[in-house]
Each structure stands twice: as C-alpha cells, then as structure tokens.
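Participant: Let me give you the structure first, and then I'll get to my questions.
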Amino acid sequence: MLLEVKHLKKVFKTRFSKEETTALSDVDFTVDQGEYIAIMGESGSGKTTLLNILSTLEKPTSGQVLLHEKDITAIKDKDLSAFRRRHLGFVFQDFNLLDTLNVRDNIFLPLVLSKENIKTMQTRLALLAPKLQIDDLLEKQPFELSGGQKQRVAVARALISQPDLILADEPTAALDYKNSEALLNLFEEINKSGQTIIMVTHSSLAASHAKRVLFIKDGMLYHQLYRGDKTSTAFAKEITLSMTAFLGSTEIHDTKGVQDA
Ligand SMILES: Nc1ncnc2c1ncn2[C@@H]1O[C@H](COP(=O)(O)OP(=O)(O)OP(=O)(O)O)[C@@H](O)[C@H]1O
C-alpha cells in the first residue's frame, strides 16, 4: 500500500473569534501504488483541505497520513520542502511556472533544489520531453506558451523528480476542452506507466479518466466508484448521476468513511 489516510480531521479556527469550521471530520481511505484517483465534491466540501494535508502544506487537527508507512503529518517543518521535492509532484490549475526562467530551467528547478547532478537531469528530461511533446519549447519563456503547453511543462516538472505521488488540483480548470482532453489522456498514459495520481476536480469529465472516484461531502467521504473497464464516456455519466444523487441531495446518508476494498 502506498498511502493510508487515517481518521483525518481538520478544524479551522479563526484568530479573533471563537468560530470553528470543520473542513474534514473523519476521512479514511487507502491508495495502492499505481492507482489514479479523482476526488470530487461541491464547493466547500473539503477537497482542497484534504489535498493540502496530503501535500504536507497543511497539518491536520488529528489523524494520520502514512506514505510507505511513514506518517508525513509528523515531518518537522524544516524537513518538509525536501520531503515534498523528493516524494511528491504537483500540478496546479494555474500552472505555477516561474516567468523569469525558461521552460528547461522550470522543469529542472526541483532537481536543482535537490542538488541532483546535471547528467541525471538531462537524461530524465530527454525521456520526458518527447512523451509530453515539449521538445521544441525548452528554450522558451513560460509567457510565450499556450495554456495547454504550460500545463504539459508543469507535468514535466512534476514528473522529473520521479515522485511517489502526483497531486493535481483542478489541473484542467484553466484549459479549453481540447487541451483538457489532451491533458487527461496524458495523465492516463502516465498512470499506465505506473505513476500514482490523486486529482481534485469539479468536472465529471476529468474524473471519468481516473480509475476510482471518491466523493466528499461536508468533510466526509460518502461514496466511491470504480471505473473498471468502462469507457470514460460511460463512466462520466455514472459520476454525474452519483454527484446528483449523493451530493446534491440534502438527505442524511451513512456518514462512515469509505475504505478501499
Ligand atoms: N484557512 C482556512 N480558514 C478557515 N476556514 C477554512 C480555511 N480553508 C478552508 N476553510 C473552510 O473549510 C471548508 C472546506 O474548504 P475547502 O477549501 O477544503 O473546500 P473545497 O471542497 O476545496 O471547495 P472549492 O471546491 O470551492 O475549492 C470550507 O467551509 C472553507 O470555508
């Protein structure tokens, strides 16, 4: 097992008032090596909070996140950036590329920070660039690229450190339909080559490319769907139906966390 999320709870307290918001109440799930998981839920349901805790950007109020059986919520602050660079790859909605660096240096940045040798960096990039169709972009500055190209560069930057886990937050939100589909196909390919991916999304279409979809509501996991051998079109329909049934309704459902089968 790659990742074990155990009884995760996150309560936000505002500094000046006694008001509390429970963003996550008791989230439990496990992720195997090679899985591709989409996390869906309405606005305010706790998706970003969950992703931020998995990213070690946020500490939970209680509970644990075990990566290869090590509790990453207990890592000391001074060791966090090295941990993230070594074990996690991030893909964001707004690409997060540095405009002052060219594409090649943006991709190399995590490896430079980890003090990898230049040969390793070049070898890895030589393998990734054709796969991501960015060979011709390496000397360009990010502002010269289209949204789809920027996101492919961001994916290369996430993959170059060969992370245990890719965490993607609404990676298609700033892309048009064609570029979204291209990115989702790319994620599927990357996943087929063994990369584990967890992606937060609002979009049934995006989620339909994953192998498993977790639905979150009011800080709890409610339901999960497996794609199996369905086409992404058939799976998207099933996801939309579930969203309507589970998340749109105000009925009280079983509030137990969802455990992986
Ligand atoms: N730093 C914070 N301080 C206080 N409350 C917060 C903070 N971050 C999130 N929350 C609250 O926690 C709850 C869950 O928020 P979260 O951002 O995780 O939801 P989300 O599902 O990602 O929403 P969206 O889809 O709109 O991004 C919300 O009620 C939100 O207002």
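Convention: chains lettered A, B, ... in structure tokens order; per-chain residue numbering from 1; ligands numbered from 1 as shown.
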As a PyMOL selection string, please: the residues near region 187-203 of chain A (cut-off 10 Å, only C-alpha atoms, same-chain neighbours under 2 positions excluded).
Facilitator: chain A and resi 2+31-43+47-48+50-51+54+89-93+131-132+155+159+162-173+181-185+205-214+236+239-240
Participant: Would you list the contacts of Phe108 (chain A) as an NGL selection string, taking every protein, DNA or RNA residue within 9 Å and counting only C-alpha atoms, but skipping same-chain residues closer than 2 positions in sequence?
Facilitator: :A and (103-106 or 110-113 or 121-122 or 125 or 157 or 160-161)
Participant: If you run DSSP on the backbone here, which positions in region 183-250 of chain A get strand (DSSP E or B)? Please write them as JSON, numbers by chain.
Facilitator: {"A": [196, 197, 198, 199, 200, 212, 213, 214, 215, 216, 217, 220, 221, 222, 223, 224, 225, 226]}
Participant: Run DSSP on the backbone and grab whatever in region 20-242 of chain A lands in helix (DSSP H, G or I); send it over as number ranges by chain.
Facilitator: A: 47-54, 72-74, 77-87, 103-113, 118-131, 135-137, 142-144, 147-159, 177-192, 204-207, 232-242
Participant: Give the answer as one residue: which of A:Val27, A:Ser55, A:Ser81, A:Gly44 has the shortest atom-to-atom distance to ligand 1, using only C-alpha atoms and all ligand atoms?
Facilitator: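 Of the candidates, the smallest distance to ligand 1 is held by A:Gly44.
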Participant: Which is closest to ligand 1 among A:Ser232, A:Asn117, A:Thr21, A:Ser180, if we use only C-alpha atoms and all ligand atoms?
Facilitator: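 Ranking A:Ser232, A:Asn117, A:Thr21, A:Ser180 by distance to ligand 1, first place goes to A:Thr21.
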Participant: Please indicate the distance in Å from CA of Asn102 (chain A) to CA of Phe143 (chain A), rounded to one decimal place.
Facilitator: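 Value for the CA of Asn102 (chain A)-CA of Phe143 (chain A) distance: 9.4 Å.
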Participant: Near Ser146 (chain A), within 12 Å and counting only C-alpha atoms, which residues show up once chain neighbours fewer than 5 positions away are dropped, as a list in words?
Facilitator: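 Once the nearby chain positions are removed, what remains is Phe95, Ile134, Leu137, Lys140, Gln141, Gln151, Arg152, Val153, Ala174, Leu175, Asp176 and Asn179 of chain A.
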